[in-house]
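Coordinates from protein-v6.csv are shown below (CSV, C-alpha atoms).
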chain,number,residue,atom,x,y,z
A,563,MET,CA,93.6,142.2,70.6
A,564,ALA,CA,93.9,145.7,69.1
A,565,ARG,CA,97.3,147.2,68.6
A,566,VAL,CA,98.7,150.7,68.3
A,567,LEU,CA,102.2,151.6,67.1
A,568,LEU,CA,103.8,154.0,69.6
A,569,ASP,CA,106.0,156.9,68.4
A,570,THR,CA,108.5,158.7,70.6
A,571,GLY,CA,106.5,161.9,71.3
A,572,PRO,CA,103.8,160.4,73.5
A,573,LEU,CA,106.4,158.2,75.3
A,574,VAL,CA,108.6,161.2,76.1
A,575,ALA,CA,105.5,163.3,77.2
A,576,LEU,CA,104.6,160.5,79.6
A,577,PHE,CA,108.0,160.6,81.3
A,578,LYS,CA,108.8,164.3,81.0
A,579,ARG,CA,106.6,166.2,83.4
A,580,ASN,CA,107.3,169.6,82.0
A,581,ASP,CA,106.4,168.5,78.4
A,582,ALA,CA,103.5,170.4,76.9
A,583,SER,CA,101.7,167.1,76.2
A,584,HIS,CA,102.4,165.4,79.6
A,585,ARG,CA,98.8,165.5,80.9
A,586,ARG,CA,97.4,164.4,77.6
A,587,ALA,CA,99.9,161.5,77.5
A,588,ALA,CA,99.1,160.4,81.1
A,589,THR,CA,95.4,160.4,80.3
A,590,TRP,CA,95.8,158.6,77.0
A,591,PHE,CA,98.1,155.9,78.4
A,592,SER,CA,95.7,155.3,81.4
A,593,ARG,CA,92.7,154.9,79.0
A,594,ASN,CA,94.4,152.9,76.3
A,595,ARG,CA,93.5,149.2,76.1
A,596,ALA,CA,95.3,148.3,72.9
A,597,ASP,CA,98.6,146.5,72.9
A,598,LEU,CA,101.4,149.1,72.4
A,599,VAL,CA,104.0,148.1,69.8
A,600,THR,CA,107.2,150.1,69.2
A,601,THR,CA,110.7,149.7,68.0
A,602,HIS,CA,114.1,149.8,69.6
A,603,ALA,CA,114.8,153.0,67.7
A,604,VAL,CA,111.9,154.7,69.3
A,605,LEU,CA,113.0,153.6,72.8
A,606,THR,CA,116.5,154.8,72.1
A,607,GLU,CA,115.2,158.2,70.9
A,608,ALA,CA,113.0,158.5,74.0
A,609,TRP,CA,115.8,157.5,76.3
A,610,HIS,CA,117.9,160.4,75.0
A,611,LEU,CA,115.0,163.0,75.3
A,612,ILE,CA,114.1,162.4,78.9
A,613,SER,CA,116.1,163.1,82.1
A,614,PRO,CA,118.5,160.4,83.5
A,615,SER,CA,116.3,160.1,86.5
A,616,ALA,CA,113.3,159.1,84.4
A,617,ARG,CA,115.1,156.5,82.3
A,618,GLY,CA,114.6,153.6,84.8
A,619,ARG,CA,110.9,154.3,84.8
A,620,LEU,CA,110.9,154.3,81.0
A,621,MET,CA,112.6,150.9,80.9
A,622,ALA,CA,110.3,149.5,83.5
A,623,PHE,CA,107.3,150.7,81.5
A,624,ALA,CA,108.8,149.2,78.3
A,625,ALA,CA,109.3,145.8,80.0
A,626,GLU,CA,105.7,145.8,81.4
A,627,ALA,CA,103.6,147.5,78.7
A,628,LEU,CA,105.4,147.5,75.4
A,629,ILE,CA,105.9,145.0,72.6
A,630,VAL,CA,109.2,145.6,70.9
A,631,PRO,CA,109.5,143.1,68.0
A,632,GLU,CA,112.7,142.6,66.1
A,633,LEU,CA,112.6,144.1,62.6
A,634,ALA,CA,112.8,141.9,59.6
A,635,ALA,CA,116.3,140.7,58.4
A,636,ASP,CA,116.0,142.8,55.2
A,637,VAL,CA,115.4,146.0,57.2
A,638,ILE,CA,118.5,148.1,56.1
A,639,PRO,CA,117.7,148.2,52.4
A,640,ARG,CA,114.1,148.9,53.1
A,641,LEU,CA,114.9,151.7,55.6
A,642,THR,CA,117.4,153.2,53.1
A,643,ARG,CA,114.7,153.3,50.4
A,644,LEU,CA,112.1,154.8,52.8
A,645,LEU,CA,114.4,157.4,54.2
A,646,ALA,CA,115.4,158.5,50.7
A,647,ALA,CA,111.8,158.7,49.6
A,648,TYR,CA,111.0,161.0,52.5
A,649,ALA,CA,114.3,163.0,52.6
A,650,ASP,CA,112.4,166.2,52.0
A,651,THR,CA,110.2,165.7,55.1
A,652,PRO,CA,112.7,164.8,56.6
A,653,MET,CA,111.9,161.4,58.0
A,654,ASP,CA,114.0,160.3,61.0
A,655,TYR,CA,115.2,156.8,61.6
A,656,ALA,CA,112.8,156.0,64.4
A,657,ASP,CA,109.9,157.2,62.2
A,658,ALA,CA,111.1,155.0,59.4
A,659,THR,CA,111.2,151.9,61.7
A,660,LEU,CA,107.6,152.5,62.7
A,661,VAL,CA,106.4,152.9,59.1
A,662,LEU,CA,108.1,149.6,58.2
A,663,LEU,CA,106.6,148.0,61.2
A,664,ALA,CA,103.1,149.3,60.2
A,665,HIS,CA,103.6,147.6,56.9
A,666,ASP,CA,104.9,144.3,58.3
A,667,LEU,CA,102.3,144.0,61.0
A,668,ARG,CA,99.5,145.4,58.8
A,669,GLU,CA,98.7,147.8,61.7
A,670,LEU,CA,98.1,151.4,60.6
A,671,ARG,CA,97.2,153.0,63.9
A,672,VAL,CA,100.1,155.2,65.3
A,673,ALA,CA,100.1,157.1,68.5
A,674,THR,CA,102.1,160.2,67.7
A,675,ILE,CA,102.4,163.9,68.4
A,676,ASP,CA,104.1,164.4,65.1
A,677,LEU,CA,100.9,164.8,63.0
A,678,GLY,CA,102.4,166.6,60.0
A,679,ASP,CA,105.0,164.0,59.2
A,680,PHE,CA,103.0,160.9,60.0
A,681,SER,CA,100.1,162.3,57.9
A,682,ALA,CA,102.4,162.3,54.9
A,683,TYR,CA,104.0,158.9,55.5
A,684,ARG,CA,102.8,155.8,53.6
A,685,THR,CA,103.6,152.2,54.1
A,686,GLU,CA,105.4,150.2,51.5
A,687,GLY,CA,102.0,149.2,50.3
A,688,LYS,CA,101.1,152.9,49.9
A,689,LYS,CA,98.6,152.8,52.8
A,690,ALA,CA,98.1,155.9,55.0
A,691,LEU,CA,98.6,155.7,58.7
A,692,ARG,CA,95.7,156.4,61.1
A,693,LEU,CA,96.9,158.8,63.8
A,694,VAL,CA,95.7,158.4,67.3
A,695,PHE,CA,96.6,160.1,70.6

Please express what this file holds, its structure, as structure tokens.
Amino acid sequence: MARVLLDTGPLVALFKRNDASHRRAATWFSRNRADLVTTHAVLTEAWHLISPSARGRLMAFAAEALIVPELAADVIPRLTRLLAAYADTPMDYADATLVLLAHDLRELRVATIDLGDFSAYRTEGKKALRLVF
């Protein structure tokens, strides 16, 4: 089955009706047939960016539609190196977890609104991400 890594932007847009990308997100999620994989950091970031009234729907969606694997045991040193390497971007923590997950899962497709930063990011194996959404 195909997989897509899910960044915060499309997730927030789906649950925030006044977001400029809400319609686009609703359409994209309704048409997507790939497994959606994300991280706890992305869910945490999305939780804080949507209204309290939408948070229950976010968590129901996460339980039904998202795969949220645990990161590898050696994640902190790897995150530290990655965040330092992209300090001038600057890369945020949630983005860093997705880039590491891309490397670990060998999945380069990322659903994101953040085209500029994700175009610059590379996995630990120096592979470019393929942006979808």

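Relative to CA of Thr570 (chain A), CA of Gly618 (chain A) is found at 16.3 Å.
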
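Excluding region 676-686 of chain A and any residue on its chain fewer than 5 positions from it, the residues at most 8 Å away by all atoms listed in the file are Gly571, Tyr648, Thr651, Met653, Val661, Leu662, Ala664, His665, Leu691 and Leu693 of chain A.
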
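Each of A:Ile638, A:Ala690, A:Leu644, A:Ala656 was checked against Arg671 (chain A) using only C-alpha atoms; the smallest atom-to-atom distance is that of A:Ala690.
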
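Between CA of Glu626 (chain A) and CA of Arg586 (chain A) the interatomic distance comes to 20.7 Å.
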
Would you mind telling me which residue in A:Leu633, A:Ile675, A:Val574, A:Arg692 lies nearest to Arg619 (chain A) when using all atoms listed in the file?
-> A:Val574

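Of note, CA of Val672 (chain A) and CA of Ile612 (chain A) are spaced 20.8 Å apart.
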
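Neighbouring residues of Leu576 (chain A) at 10 Å or closer, counting only C-alpha atoms and skipping chain neighbours under 3 positions away, are Thr570, Gly571, Pro572, Leu573, Arg579, Asn580, Asp581, Ser583, His584, Arg585, Arg586, Ala587, Ala588, Thr589, Trp590, Phe591, Ile612 and Leu620 of chain A.
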
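Residues in contact with region 623-625 of chain A at 10 Å, where all atoms listed in the file are counted and same-chain residues fewer than 6 positions away are skipped, are listed as Leu573, Phe577, Leu598, Val599, Thr600, Leu605 and Arg617 of chain A.
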
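Distance check against Ser615 (chain A) using all atoms listed in the file: of A:Leu641, A:Ala635, A:Asp650, A:Lys578, the minimum falls on A:Lys578.
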
Do you know which residues are at most 10 Å from Asp597 (chain A) counting only C-alpha atoms, after dropping those on the same chain fewer than 6 positions away, and could you put them as a ChimeraX atom specification?
-> /A:563-568,627-629

Output C-alpha atoms for every residue in the selection just made, as a CSV table (one decimal), in the coordinates of the input.
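Below is the file that was written, part08.csv:
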chain,number,residue,atom,x,y,z
A,563,MET,CA,93.6,142.2,70.6
A,564,ALA,CA,93.9,145.7,69.1
A,565,ARG,CA,97.3,147.2,68.6
A,566,VAL,CA,98.7,150.7,68.3
A,567,LEU,CA,102.2,151.6,67.1
A,568,LEU,CA,103.8,154.0,69.6
A,627,ALA,CA,103.6,147.5,78.7
A,628,LEU,CA,105.4,147.5,75.4
A,629,ILE,CA,105.9,145.0,72.6

Filtering to N, CA, C and O atoms, could region 627-657 of chain A of the supplied structure be written out as an mmCIF file, in the first residue's frame?
data_model
loop_
_atom_site.group_PDB
_atom_site.id
_atom_site.type_symbol
_atom_site.label_atom_id
_atom_site.label_comp_id
_atom_site.auth_asym_id
_atom_site.auth_seq_id
_atom_site.Cartn_x
_atom_site.Cartn_y
_atom_site.Cartn_z
ATOM 1 N N ALA A 627 -7.605 7.313 10.919
ATOM 2 C CA ALA A 627 -7.008 7.467 9.594
ATOM 3 C C ALA A 627 -5.488 7.611 9.568
ATOM 4 O O ALA A 627 -4.905 7.605 8.491
ATOM 5 N N LEU A 628 -4.862 7.750 10.716
ATOM 6 C CA LEU A 628 -3.420 8.005 10.718
ATOM 7 C C LEU A 628 -2.645 6.847 11.333
ATOM 8 O O LEU A 628 -3.102 6.200 12.278
ATOM 9 N N ILE A 629 -1.463 6.646 10.805
ATOM 10 C CA ILE A 629 -0.490 5.738 11.400
ATOM 11 C C ILE A 629 0.544 6.627 12.070
ATOM 12 O O ILE A 629 1.112 7.529 11.429
ATOM 13 N N VAL A 630 0.771 6.395 13.371
ATOM 14 C CA VAL A 630 1.709 7.232 14.129
ATOM 15 C C VAL A 630 2.733 6.307 14.789
ATOM 16 O O VAL A 630 2.581 5.915 15.945
ATOM 17 N N PRO A 631 3.776 5.945 14.032
ATOM 18 C CA PRO A 631 4.771 5.022 14.592
ATOM 19 C C PRO A 631 5.647 5.713 15.637
ATOM 20 O O PRO A 631 5.823 6.933 15.623
ATOM 21 N N GLU A 632 6.169 4.909 16.511
ATOM 22 C CA GLU A 632 7.153 5.418 17.468
ATOM 23 C C GLU A 632 8.449 5.667 16.706
ATOM 24 O O GLU A 632 8.777 4.927 15.775
ATOM 25 N N LEU A 633 9.148 6.705 17.087
ATOM 26 C CA LEU A 633 10.447 6.976 16.468
ATOM 27 C C LEU A 633 11.488 6.043 17.073
ATOM 28 O O LEU A 633 11.302 5.512 18.168
ATOM 29 N N ALA A 634 12.565 5.859 16.362
ATOM 30 C CA ALA A 634 13.639 4.960 16.798
ATOM 31 C C ALA A 634 14.224 5.408 18.136
ATOM 32 O O ALA A 634 14.162 6.588 18.501
ATOM 33 N N ALA A 635 14.803 4.466 18.852
ATOM 34 C CA ALA A 635 15.368 4.745 20.176
ATOM 35 C C ALA A 635 16.487 5.789 20.132
ATOM 36 O O ALA A 635 16.691 6.527 21.084
ATOM 37 N N ASP A 636 17.181 5.872 19.012
ATOM 38 C CA ASP A 636 18.310 6.802 18.895
ATOM 39 C C ASP A 636 17.889 8.166 18.337
ATOM 40 O O ASP A 636 18.703 8.903 17.794
ATOM 41 N N VAL A 637 16.635 8.533 18.492
ATOM 42 C CA VAL A 637 16.087 9.707 17.812
ATOM 43 C C VAL A 637 16.666 11.039 18.307
ATOM 44 O O VAL A 637 16.862 11.949 17.501
ATOM 45 N N ILE A 638 16.957 11.188 19.571
ATOM 46 C CA ILE A 638 17.379 12.497 20.088
ATOM 47 C C ILE A 638 18.706 12.948 19.472
ATOM 48 O O ILE A 638 18.792 14.078 18.970
ATOM 49 N N PRO A 639 19.742 12.132 19.453
ATOM 50 C CA PRO A 639 20.975 12.590 18.788
ATOM 51 C C PRO A 639 20.763 12.869 17.296
ATOM 52 O O PRO A 639 21.327 13.823 16.749
ATOM 53 N N ARG A 640 19.955 12.072 16.645
ATOM 54 C CA ARG A 640 19.682 12.284 15.222
ATOM 55 C C ARG A 640 18.917 13.587 15.010
ATOM 56 O O ARG A 640 19.209 14.342 14.082
ATOM 57 N N LEU A 641 17.909 13.842 15.839
ATOM 58 C CA LEU A 641 17.163 15.101 15.747
ATOM 59 C C LEU A 641 18.074 16.291 16.003
ATOM 60 O O LEU A 641 17.986 17.306 15.315
ATOM 61 N N THR A 642 18.941 16.161 16.975
ATOM 62 C CA THR A 642 19.874 17.242 17.303
ATOM 63 C C THR A 642 20.753 17.586 16.104
ATOM 64 O O THR A 642 20.923 18.760 15.759
ATOM 65 N N ARG A 643 21.287 16.570 15.439
ATOM 66 C CA ARG A 643 22.127 16.801 14.252
ATOM 67 C C ARG A 643 21.318 17.433 13.123
ATOM 68 O O ARG A 643 21.769 18.371 12.455
ATOM 69 N N LEU A 644 20.119 16.938 12.897
ATOM 70 C CA LEU A 644 19.283 17.447 11.820
ATOM 71 C C LEU A 644 18.858 18.896 12.072
ATOM 72 O O LEU A 644 18.936 19.742 11.181
ATOM 73 N N LEU A 645 18.432 19.192 13.285
ATOM 74 C CA LEU A 645 18.032 20.563 13.628
ATOM 75 C C LEU A 645 19.211 21.529 13.507
ATOM 76 O O LEU A 645 19.043 22.663 13.052
ATOM 77 N N ALA A 646 20.398 21.086 13.873
ATOM 78 C CA ALA A 646 21.591 21.928 13.727
ATOM 79 C C ALA A 646 21.921 22.152 12.259
ATOM 80 O O ALA A 646 22.282 23.266 11.856
ATOM 81 N N ALA A 647 21.782 21.121 11.452
ATOM 82 C CA ALA A 647 22.097 21.239 10.029
ATOM 83 C C ALA A 647 21.177 22.222 9.317
ATOM 84 O O ALA A 647 21.582 22.875 8.360
ATOM 85 N N TYR A 648 19.943 22.335 9.784
ATOM 86 C CA TYR A 648 18.972 23.226 9.149
ATOM 87 C C TYR A 648 18.613 24.417 10.031
ATOM 88 O O TYR A 648 17.540 24.999 9.894
ATOM 89 N N ALA A 649 19.523 24.811 10.908
ATOM 90 C CA ALA A 649 19.267 25.925 11.829
ATOM 91 C C ALA A 649 18.980 27.228 11.099
ATOM 92 O O ALA A 649 18.249 28.077 11.593
ATOM 93 N N ASP A 650 19.534 27.401 9.904
ATOM 94 C CA ASP A 650 19.318 28.638 9.147
ATOM 95 C C ASP A 650 17.994 28.638 8.400
ATOM 96 O O ASP A 650 17.587 29.659 7.858
ATOM 97 N N THR A 651 17.275 27.514 8.365
ATOM 98 C CA THR A 651 16.014 27.455 7.605
ATOM 99 C C THR A 651 14.900 28.224 8.304
ATOM 100 O O THR A 651 14.224 28.981 7.610
ATOM 101 N N PRO A 652 14.609 28.184 9.552
ATOM 102 C CA PRO A 652 14.939 27.157 10.535
ATOM 103 C C PRO A 652 13.947 26.005 10.479
ATOM 104 O O PRO A 652 12.773 26.202 10.208
ATOM 105 N N MET A 653 14.463 24.826 10.749
ATOM 106 C CA MET A 653 13.627 23.624 10.799
ATOM 107 C C MET A 653 12.991 23.554 12.180
ATOM 108 O O MET A 653 13.671 23.775 13.174
ATOM 109 N N ASP A 654 11.694 23.249 12.240
ATOM 110 C CA ASP A 654 11.103 23.057 13.563
ATOM 111 C C ASP A 654 11.122 21.573 13.930
ATOM 112 O O ASP A 654 11.429 20.704 13.105
ATOM 113 N N TYR A 655 10.820 21.298 15.175
ATOM 114 C CA TYR A 655 10.925 19.940 15.706
ATOM 115 C C TYR A 655 10.018 18.960 14.953
ATOM 116 O O TYR A 655 10.435 17.856 14.618
ATOM 117 N N ALA A 656 8.774 19.355 14.685
ATOM 118 C CA ALA A 656 7.848 18.465 13.978
ATOM 119 C C ALA A 656 8.378 18.132 12.584
ATOM 120 O O ALA A 656 8.314 16.978 12.145
ATOM 121 N N ASP A 657 8.903 19.141 11.880
ATOM 122 C CA ASP A 657 9.488 18.895 10.561
ATOM 123 C C ASP A 657 10.641 17.897 10.665
ATOM 124 O O ASP A 657 10.761 16.987 9.843
#
